[in-house]
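Have a look at coords-v4.cif; it's mmCIF, C-alpha atoms (C1' of nucleotides):
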```
data_target
loop_
_atom_site.label_atom_id
_atom_site.label_comp_id
_atom_site.auth_asym_id
_atom_site.auth_seq_id
_atom_site.Cartn_x
_atom_site.Cartn_y
_atom_site.Cartn_z
CA MET A 1 15.68 -17.41 4.32
CA ILE A 2 17.66 -16.76 1.15
CA SER A 3 20.94 -14.83 0.97
CA ARG A 4 21.59 -11.25 -0.11
CA LYS A 5 23.23 -12.56 -3.27
CA LYS A 6 20.21 -14.70 -4.18
CA THR A 7 17.90 -11.79 -3.36
CA ILE A 8 19.75 -9.56 -5.81
CA GLU A 9 19.43 -12.21 -8.53
CA MET A 10 15.69 -12.28 -7.96
CA ILE A 11 15.15 -8.52 -7.95
CA ASP A 12 17.22 -8.36 -11.14
CA LYS A 13 14.60 -10.59 -12.79
CA ILE A 14 11.74 -8.50 -11.42
CA ASP A 15 13.59 -5.41 -12.68
CA ALA A 16 13.57 -6.92 -16.18
CA MET A 17 9.84 -7.65 -15.92
CA PHE A 18 8.82 -4.14 -14.79
CA PRO A 19 11.53 -1.67 -15.86
CA ASP A 20 9.10 1.27 -15.77
CA ALA A 21 7.46 0.62 -12.39
CA GLU A 22 6.58 3.81 -10.54
CA CYS A 23 4.06 5.30 -8.13
CA GLU A 24 0.62 4.98 -9.74
CA LEU A 25 -1.21 7.25 -7.32
CA VAL A 26 -2.24 10.45 -9.07
CA HIS A 27 -0.78 13.55 -7.38
CA LYS A 28 0.59 16.99 -8.24
CA ASN A 29 2.47 17.75 -5.00
CA PRO A 30 3.55 16.17 -1.68
CA PHE A 31 0.29 17.12 0.03
CA GLU A 32 -1.85 15.41 -2.61
CA LEU A 33 0.44 12.38 -2.48
CA THR A 34 0.00 12.14 1.29
CA ILE A 35 -3.79 12.31 0.97
CA ALA A 36 -3.79 9.75 -1.84
CA VAL A 37 -1.64 7.28 0.12
CA LEU A 38 -3.79 7.74 3.22
CA LEU A 39 -6.88 7.00 1.13
CA SER A 40 -5.28 3.94 -0.46
CA ALA A 41 -5.43 1.81 2.70
CA GLN A 42 -7.36 -1.40 1.95
CA CYS A 43 -8.39 -0.06 -1.45
CA THR A 44 -7.12 -0.43 -5.02
CA ASP A 45 -5.18 2.56 -6.34
CA ASN A 46 -7.38 2.45 -9.43
CA LEU A 47 -10.38 3.43 -7.34
CA VAL A 48 -8.35 5.95 -5.33
CA ASN A 49 -7.32 7.71 -8.54
CA LYS A 50 -10.89 7.77 -9.80
CA VAL A 51 -11.92 9.56 -6.59
CA THR A 52 -8.91 11.86 -6.16
CA ARG A 53 -9.08 13.18 -9.72
CA GLU A 54 -12.37 14.82 -8.73
CA LEU A 55 -11.44 15.35 -5.07
CA PHE A 56 -8.38 17.49 -5.86
CA LYS A 57 -10.45 19.75 -8.11
CA LYS A 58 -12.63 20.66 -5.12
CA TYR A 59 -9.94 20.58 -2.40
CA LYS A 60 -6.79 22.45 -3.49
CA GLY A 61 -4.97 22.30 -0.16
CA PRO A 62 -5.31 21.69 3.61
CA GLU A 63 -7.39 24.88 4.02
CA ASP A 64 -10.11 23.50 1.75
CA PHE A 65 -10.28 20.19 3.63
CA ILE A 66 -11.02 21.90 6.95
CA ALA A 67 -13.46 24.38 5.40
CA VAL A 68 -16.21 21.75 5.05
CA GLU A 69 -18.19 19.64 7.52
CA GLN A 70 -16.82 16.15 8.11
CA ALA A 71 -20.03 14.67 6.68
CA GLU A 72 -19.44 16.42 3.37
CA LEU A 73 -15.91 15.11 3.03
CA GLU A 74 -17.16 11.65 3.99
CA GLN A 75 -19.55 11.70 1.04
CA ASP A 76 -16.80 12.87 -1.30
CA ILE A 77 -14.62 9.86 -0.44
CA ARG A 78 -17.36 7.37 0.47
CA SER A 79 -16.74 4.93 -2.39
CA ILE A 80 -13.18 4.31 -1.20
CA GLY A 81 -14.29 2.57 2.00
CA LEU A 82 -13.19 3.16 5.64
CA PHE A 83 -14.50 6.63 4.81
CA ARG A 84 -15.35 7.84 8.32
CA ASN A 85 -11.86 7.19 9.70
CA LYS A 86 -10.23 8.58 6.58
CA ALA A 87 -12.31 11.77 6.51
CA LYS A 88 -11.61 12.38 10.19
CA ASN A 89 -7.89 11.78 9.71
CA ILE A 90 -7.67 14.01 6.64
CA GLN A 91 -9.24 16.92 8.52
CA LYS A 92 -7.05 16.37 11.58
CA LEU A 93 -3.99 16.08 9.36
CA SER A 94 -4.89 19.22 7.41
CA LYS A 95 -5.39 21.23 10.60
CA ASP A 96 -2.04 20.01 11.90
CA VAL A 97 -0.19 20.75 8.67
CA ILE A 98 -1.46 24.33 8.84
CA GLU A 99 -0.84 24.89 12.55
CA ARG A 100 2.45 23.02 13.03
CA PHE A 101 4.04 23.04 9.57
CA ASP A 102 2.92 26.34 8.06
CA GLY A 103 0.65 24.59 5.56
CA ILE A 104 3.45 22.52 4.04
CA ILE A 105 3.79 18.73 4.26
CA PRO A 106 6.98 17.97 6.22
CA ASP A 107 9.78 16.22 4.34
CA ASN A 108 11.00 13.96 7.14
CA TYR A 109 9.75 10.68 8.61
CA ASP A 110 9.24 11.72 12.25
CA ASP A 111 7.06 14.71 11.42
CA LEU A 112 5.07 12.72 8.86
CA VAL A 113 4.18 9.86 11.22
CA SER A 114 3.07 12.43 13.79
CA LEU A 115 0.17 13.28 11.45
CA ALA A 116 -3.24 11.61 11.79
CA GLY A 117 -3.70 8.59 9.57
CA VAL A 118 -0.03 8.52 8.58
CA GLY A 119 1.78 5.39 9.71
CA ARG A 120 5.15 3.91 8.83
CA LYS A 121 4.19 2.70 5.37
CA THR A 122 2.57 5.98 4.29
CA ALA A 123 5.45 8.09 5.64
CA ASN A 124 7.95 5.92 3.79
CA VAL A 125 6.06 6.30 0.51
CA VAL A 126 5.88 10.08 0.87
CA ILE A 127 9.57 10.69 1.67
CA SER A 128 10.56 8.20 -1.01
CA VAL A 129 8.30 9.33 -3.87
CA ALA A 130 7.97 13.05 -3.06
CA PHE A 131 11.39 13.78 -1.54
CA GLY A 132 13.72 11.18 -3.07
CA VAL A 133 14.77 9.55 0.20
CA PRO A 134 15.73 5.85 -0.30
CA ARG A 135 13.07 3.73 1.44
CA ILE A 136 11.26 0.41 1.07
CA ALA A 137 7.64 0.91 2.10
CA VAL A 138 6.20 -2.49 2.94
CA ASP A 139 2.57 -2.77 1.84
CA THR A 140 0.47 -5.88 1.29
CA HIS A 141 2.17 -6.64 -2.06
CA VAL A 142 5.75 -6.18 -0.89
CA GLU A 143 5.04 -8.32 2.16
CA ARG A 144 3.40 -11.15 0.20
CA VAL A 145 6.07 -11.19 -2.54
CA SER A 146 8.98 -11.08 -0.07
CA LYS A 147 7.57 -14.02 1.86
CA ARG A 148 6.69 -16.13 -1.17
CA LEU A 149 10.15 -15.66 -2.66
CA GLY A 150 11.77 -16.61 0.64
CA ILE A 151 13.44 -13.24 1.09
CA ALA A 152 11.55 -12.95 4.40
CA ARG A 153 9.85 -15.51 6.66
CA TYR A 154 6.08 -15.97 6.73
CA LYS A 155 6.05 -15.34 10.49
CA ASP A 156 7.86 -12.00 10.13
CA SER A 157 6.08 -8.77 11.04
CA VAL A 158 5.83 -5.95 8.49
CA LEU A 159 8.68 -4.16 10.25
CA GLU A 160 10.87 -7.27 10.15
CA VAL A 161 10.19 -7.66 6.42
CA GLU A 162 11.26 -4.05 5.89
CA GLN A 163 14.46 -4.50 7.88
CA THR A 164 15.32 -7.71 6.03
CA LEU A 165 14.76 -6.04 2.67
CA MET A 166 17.01 -3.13 3.63
CA LYS A 167 19.78 -5.59 4.48
CA LYS A 168 19.44 -7.68 1.31
CA VAL A 169 18.71 -4.97 -1.27
CA PRO A 170 21.44 -2.42 -2.10
CA GLU A 171 20.42 1.01 -0.80
CA ASP A 172 20.66 2.67 -4.20
CA ARG A 173 17.96 0.27 -5.40
CA TRP A 174 15.52 0.58 -2.47
CA SER A 175 13.00 2.95 -4.04
CA ARG A 176 13.11 1.32 -7.48
CA THR A 177 12.85 -2.20 -6.08
CA HIS A 178 9.99 -1.10 -3.84
CA HIS A 179 7.87 -0.08 -6.84
CA GLN A 180 8.88 -3.09 -8.87
CA MET A 181 7.86 -5.49 -6.12
CA ILE A 182 4.48 -3.77 -5.98
CA PHE A 183 4.00 -4.15 -9.74
CA PHE A 184 5.16 -7.75 -9.53
CA GLY A 185 2.67 -8.43 -6.74
CA ARG A 186 -0.16 -6.50 -8.38
CA TYR A 187 0.12 -7.83 -11.91
CA HIS A 188 1.95 -11.17 -11.68
CA CYS A 189 2.44 -12.64 -8.19
CA THR A 190 -1.15 -11.83 -7.25
CA ALA A 191 -2.73 -12.84 -3.96
CA ARG A 192 -5.34 -15.21 -5.45
CA ASN A 193 -3.97 -16.81 -8.61
CA PRO A 194 -0.27 -16.08 -9.00
CA LYS A 195 1.05 -16.77 -12.51
CA CYS A 196 3.67 -19.24 -11.37
CA GLU A 197 3.61 -21.21 -14.63
CA ALA A 198 4.72 -18.10 -16.50
CA CYS A 199 7.12 -16.75 -13.90
CA PRO A 200 10.81 -16.09 -14.59
CA LEU A 201 11.48 -16.63 -10.88
CA LEU A 202 9.82 -20.04 -10.61
CA ASP A 203 13.08 -21.98 -10.35
CA ASP A 204 14.13 -19.91 -7.32
CA CYS A 205 10.71 -19.51 -5.71
CA ARG A 206 9.73 -21.69 -2.78
CA GLU A 207 6.05 -20.90 -2.90
CA GLY A 208 6.03 -21.34 -6.68
CA GLN A 209 7.63 -24.78 -6.44
CA LYS A 210 5.09 -25.77 -3.82
CA ARG A 211 2.16 -24.56 -5.90
CA MET A 212 3.38 -26.23 -9.11
CA LYS A 213 3.84 -29.52 -7.33
CA LYS A 214 0.39 -29.29 -5.78
CA ALA A 215 -1.10 -28.56 -9.19
CA GLY A 216 0.68 -31.58 -10.64
CA LEU A 217 2.62 -29.41 -13.07
CA LEU A 218 6.05 -30.39 -11.83
"C1'" DC B 219 -6.01 -8.19 18.66
"C1'" DT B 220 -10.27 -5.75 16.57
"C1'" DC B 221 -12.44 -2.35 14.02
"C1'" DC B 222 -13.05 0.46 10.10
"C1'" DC B 223 -15.79 -0.39 4.83
"C1'" DG B 224 -17.05 0.07 -0.31
"C1'" DA B 225 -15.68 -1.78 -4.93
"C1'" DT B 226 -14.01 -5.37 -7.59
"C1'" DA B 227 -12.24 -9.92 -9.15
"C1'" DT B 228 -12.75 -14.68 -8.75
"C1'" DA C 229 -20.43 -15.66 -1.68
"C1'" DT C 230 -16.03 -14.17 -0.39
"C1'" DA C 231 -11.17 -12.80 -0.66
"C1'" DT C 232 -8.64 -8.85 -1.49
"C1'" DC C 233 -7.31 -4.11 -2.01
"C1'" DA C 234 -0.32 0.72 -1.84
"C1'" DG C 235 -3.03 0.44 6.60
"C1'" DG C 236 -3.64 2.84 10.86
"C1'" DA C 237 -5.60 3.64 15.41
"C1'" DG C 238 -7.31 2.17 19.80
#
```

Give the structure from this file in structure tokens form.
Amino acid sequence: MISRKKTIEMIDKIDAMFPDAECELVHKNPFELTIAVLLSAQCTDNLVNKVTRELFKKYKGPEDFIAVEQAELEQDIRSIGLFRNKAKNIQKLSKDVIERFDGIIPDNYDDLVSLAGVGRKTANVVISVAFGVPRIAVDTHVERVSKRLGIARYKDSVLEVEQTLMKKVPEDRWSRTHHQMIFFGRYHCTARNPKCEACPLLDDCREGQKRMKKAGLL
DNA sequence: CTCCCGATAT
DNA sequence: ATATCAGGAG
């Protein structure tokens, strides 16, 4: 596993590649962001945005989500996938937000993860993006990139990756680095065909070195 | 660990 | 055809 110093060198290079990285999920308020992140599980944010742009015209707040039958909401989000679980969770979450939090999405981690369909990653995204709390939400991209670069170990759990990142990345860069690692993973260090041959981090990247050697390009 | 699940890229 | 997508619950 590489050092904190080496990690900072690498995230500096990713920072130069994606200086404008930010949350790409369409939302107008913390509640919409929470719904969008919940819907984004195992789905591209492109498709989530296509659905939520229409969804948020029909459902303005938690009251609207519990005013319809579950089957109707299922149809409205069907194309996203995992739609039965997500519809059920959205209605349970909406009911809870109204009854326990006066209709307002809570701004702290513990209350957020107490909501249906909201786990550690989703709660971290919400408090980070909506409320400005420094966090590194570890999704599939952040996990893959961290492991390929050697910042974390391949055997590490998601939670271990998060804890390692918090140790090696300066706290004032957590939220920014989080988004930049997602962009890096989504547009450059992709799961299938990572662009190692055109990567500024190739010299420092274990996985990249391995792949170049295997491809006979080194 | 398994299940949930449609859309898209390769 | 199949791997992958801003995961979470049981």

Write out as a PyMOL selection string every residue belonging to chain A that has an atom at most 6 Å from any atom of chain B, counting all atoms listed in the file.
-> chain A and resi 79-82

Report the residues retrieved by the PyMOL selection byres ((chain A) within 6 of (chain C)) from the displayed file, expressed as a ChimeraX atom specification.
-> /A:41-44,117,139

Result set of the PyMOL selection byres ((chain A and resi 11) around 10) on the coordinates above, as an MDAnalysis selection string | chainID A and resid 6:10 12:17 169 173 177:178 180:181 201

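By chain and then residue number, the residues within 12 Å of Lys57 of chain A are His27, Lys28, Glu32, Val51, Asp64, Phe65 and Asp76 of chain A, counting all atoms listed in the file and disregarding those fewer than 6 positions away in sequence.
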
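Using all atoms listed in the file, the nearest neighbour of Val97 of chain A within the list A:Glu69, A:Glu63, A:Glu197, A:Glu207 is A:Glu63.
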
Missing atoms in segment 147-158 of chain A should be modelled up to all heavy atoms and reported as an mmCIF file, in the frame of the given file.
```
data_model
loop_
_atom_site.group_PDB
_atom_site.id
_atom_site.type_symbol
_atom_site.label_atom_id
_atom_site.label_comp_id
_atom_site.auth_asym_id
_atom_site.auth_seq_id
_atom_site.Cartn_x
_atom_site.Cartn_y
_atom_site.Cartn_z
ATOM 1 N N LYS A 147 7.743 -12.750 1.148
ATOM 2 C CA LYS A 147 7.570 -14.020 1.860
ATOM 3 C C LYS A 147 7.492 -15.189 0.893
ATOM 4 O O LYS A 147 8.088 -16.242 1.124
ATOM 5 C CB LYS A 147 6.328 -13.945 2.750
ATOM 6 C CG LYS A 147 6.534 -12.999 3.920
ATOM 7 C CD LYS A 147 5.322 -12.905 4.831
ATOM 8 C CE LYS A 147 5.658 -12.007 6.030
ATOM 9 N NZ LYS A 147 4.516 -11.859 6.961
ATOM 10 N N ARG A 148 6.790 -15.037 -0.202
ATOM 11 C CA ARG A 148 6.690 -16.130 -1.170
ATOM 12 C C ARG A 148 8.056 -16.464 -1.766
ATOM 13 O O ARG A 148 8.385 -17.629 -1.969
ATOM 14 C CB ARG A 148 5.731 -15.753 -2.303
ATOM 15 C CG ARG A 148 4.269 -15.902 -1.935
ATOM 16 C CD ARG A 148 3.388 -15.587 -3.130
ATOM 17 N NE ARG A 148 1.975 -15.810 -2.813
ATOM 18 C CZ ARG A 148 0.965 -15.390 -3.569
ATOM 19 N NH1 ARG A 148 1.222 -14.709 -4.679
ATOM 20 N NH2 ARG A 148 -0.278 -15.640 -3.224
ATOM 21 N N LEU A 149 8.834 -15.434 -2.039
ATOM 22 C CA LEU A 149 10.150 -15.660 -2.660
ATOM 23 C C LEU A 149 11.171 -16.177 -1.665
ATOM 24 O O LEU A 149 12.263 -16.585 -2.054
ATOM 25 C CB LEU A 149 10.659 -14.356 -3.293
ATOM 26 C CG LEU A 149 9.856 -13.837 -4.495
ATOM 27 C CD1 LEU A 149 10.419 -12.507 -4.963
ATOM 28 C CD2 LEU A 149 9.889 -14.859 -5.625
ATOM 29 N N GLY A 150 10.826 -16.129 -0.373
ATOM 30 C CA GLY A 150 11.770 -16.610 0.640
ATOM 31 C C GLY A 150 12.771 -15.567 1.074
ATOM 32 O O GLY A 150 13.733 -15.866 1.769
ATOM 33 N N ILE A 151 12.555 -14.316 0.657
ATOM 34 C CA ILE A 151 13.440 -13.240 1.090
ATOM 35 C C ILE A 151 13.196 -12.961 2.569
ATOM 36 O O ILE A 151 14.107 -12.662 3.319
ATOM 37 C CB ILE A 151 13.190 -11.967 0.248
ATOM 38 C CG1 ILE A 151 13.546 -12.239 -1.219
ATOM 39 C CG2 ILE A 151 14.001 -10.794 0.780
ATOM 40 C CD1 ILE A 151 13.172 -11.107 -2.169
ATOM 41 N N ALA A 152 11.917 -13.081 2.982
ATOM 42 C CA ALA A 152 11.550 -12.950 4.400
ATOM 43 C C ALA A 152 10.794 -14.207 4.824
ATOM 44 O O ALA A 152 10.441 -15.032 3.987
ATOM 45 C CB ALA A 152 10.672 -11.723 4.602
ATOM 46 N N ARG A 153 10.588 -14.355 6.144
ATOM 47 C CA ARG A 153 9.850 -15.510 6.660
ATOM 48 C C ARG A 153 8.375 -15.168 6.790
ATOM 49 O O ARG A 153 8.020 -14.033 7.056
ATOM 50 C CB ARG A 153 10.378 -15.905 8.049
ATOM 51 C CG ARG A 153 11.854 -16.190 8.115
ATOM 52 C CD ARG A 153 12.229 -16.546 9.562
ATOM 53 N NE ARG A 153 13.619 -16.234 9.880
ATOM 54 C CZ ARG A 153 14.643 -17.049 9.638
ATOM 55 N NH1 ARG A 153 14.436 -18.219 9.077
ATOM 56 N NH2 ARG A 153 15.871 -16.697 9.960
ATOM 57 N N TYR A 154 7.525 -16.183 6.642
ATOM 58 C CA TYR A 154 6.080 -15.970 6.730
ATOM 59 C C TYR A 154 5.669 -15.437 8.104
ATOM 60 O O TYR A 154 4.691 -14.717 8.235
ATOM 61 C CB TYR A 154 5.311 -17.265 6.424
ATOM 62 C CG TYR A 154 5.142 -17.491 4.942
ATOM 63 C CD1 TYR A 154 5.939 -18.400 4.250
ATOM 64 C CD2 TYR A 154 4.192 -16.778 4.223
ATOM 65 C CE1 TYR A 154 5.788 -18.593 2.885
ATOM 66 C CE2 TYR A 154 4.028 -16.952 2.864
ATOM 67 C CZ TYR A 154 4.829 -17.868 2.198
ATOM 68 O OH TYR A 154 4.683 -18.049 0.845
ATOM 69 N N LYS A 155 6.428 -15.782 9.149
ATOM 70 C CA LYS A 155 6.050 -15.340 10.490
ATOM 71 C C LYS A 155 6.521 -13.911 10.784
ATOM 72 O O LYS A 155 6.144 -13.333 11.800
ATOM 73 C CB LYS A 155 6.648 -16.284 11.534
ATOM 74 C CG LYS A 155 8.162 -16.309 11.537
ATOM 75 C CD LYS A 155 8.705 -17.217 12.640
ATOM 76 C CE LYS A 155 10.227 -17.185 12.673
ATOM 77 N NZ LYS A 155 10.772 -18.079 13.712
ATOM 78 N N ASP A 156 7.325 -13.343 9.896
ATOM 79 C CA ASP A 156 7.860 -12.000 10.130
ATOM 80 C C ASP A 156 6.766 -10.929 10.167
ATOM 81 O O ASP A 156 5.790 -10.994 9.424
ATOM 82 C CB ASP A 156 8.851 -11.623 9.016
ATOM 83 C CG ASP A 156 10.177 -12.345 9.159
ATOM 84 O OD1 ASP A 156 10.419 -12.929 10.235
ATOM 85 O OD2 ASP A 156 10.957 -12.326 8.190
ATOM 86 N N SER A 157 6.957 -9.932 11.022
ATOM 87 C CA SER A 157 6.080 -8.770 11.040
ATOM 88 C C SER A 157 6.431 -7.877 9.854
ATOM 89 O O SER A 157 7.460 -8.066 9.202
ATOM 90 C CB SER A 157 6.272 -7.986 12.331
ATOM 91 O OG SER A 157 7.570 -7.435 12.356
ATOM 92 N N VAL A 158 5.577 -6.899 9.575
ATOM 93 C CA VAL A 158 5.830 -5.950 8.490
ATOM 94 C C VAL A 158 7.164 -5.238 8.696
ATOM 95 O O VAL A 158 7.942 -5.041 7.758
ATOM 96 C CB VAL A 158 4.694 -4.924 8.390
ATOM 97 C CG1 VAL A 158 5.024 -3.847 7.369
ATOM 98 C CG2 VAL A 158 3.394 -5.608 8.008
#
```
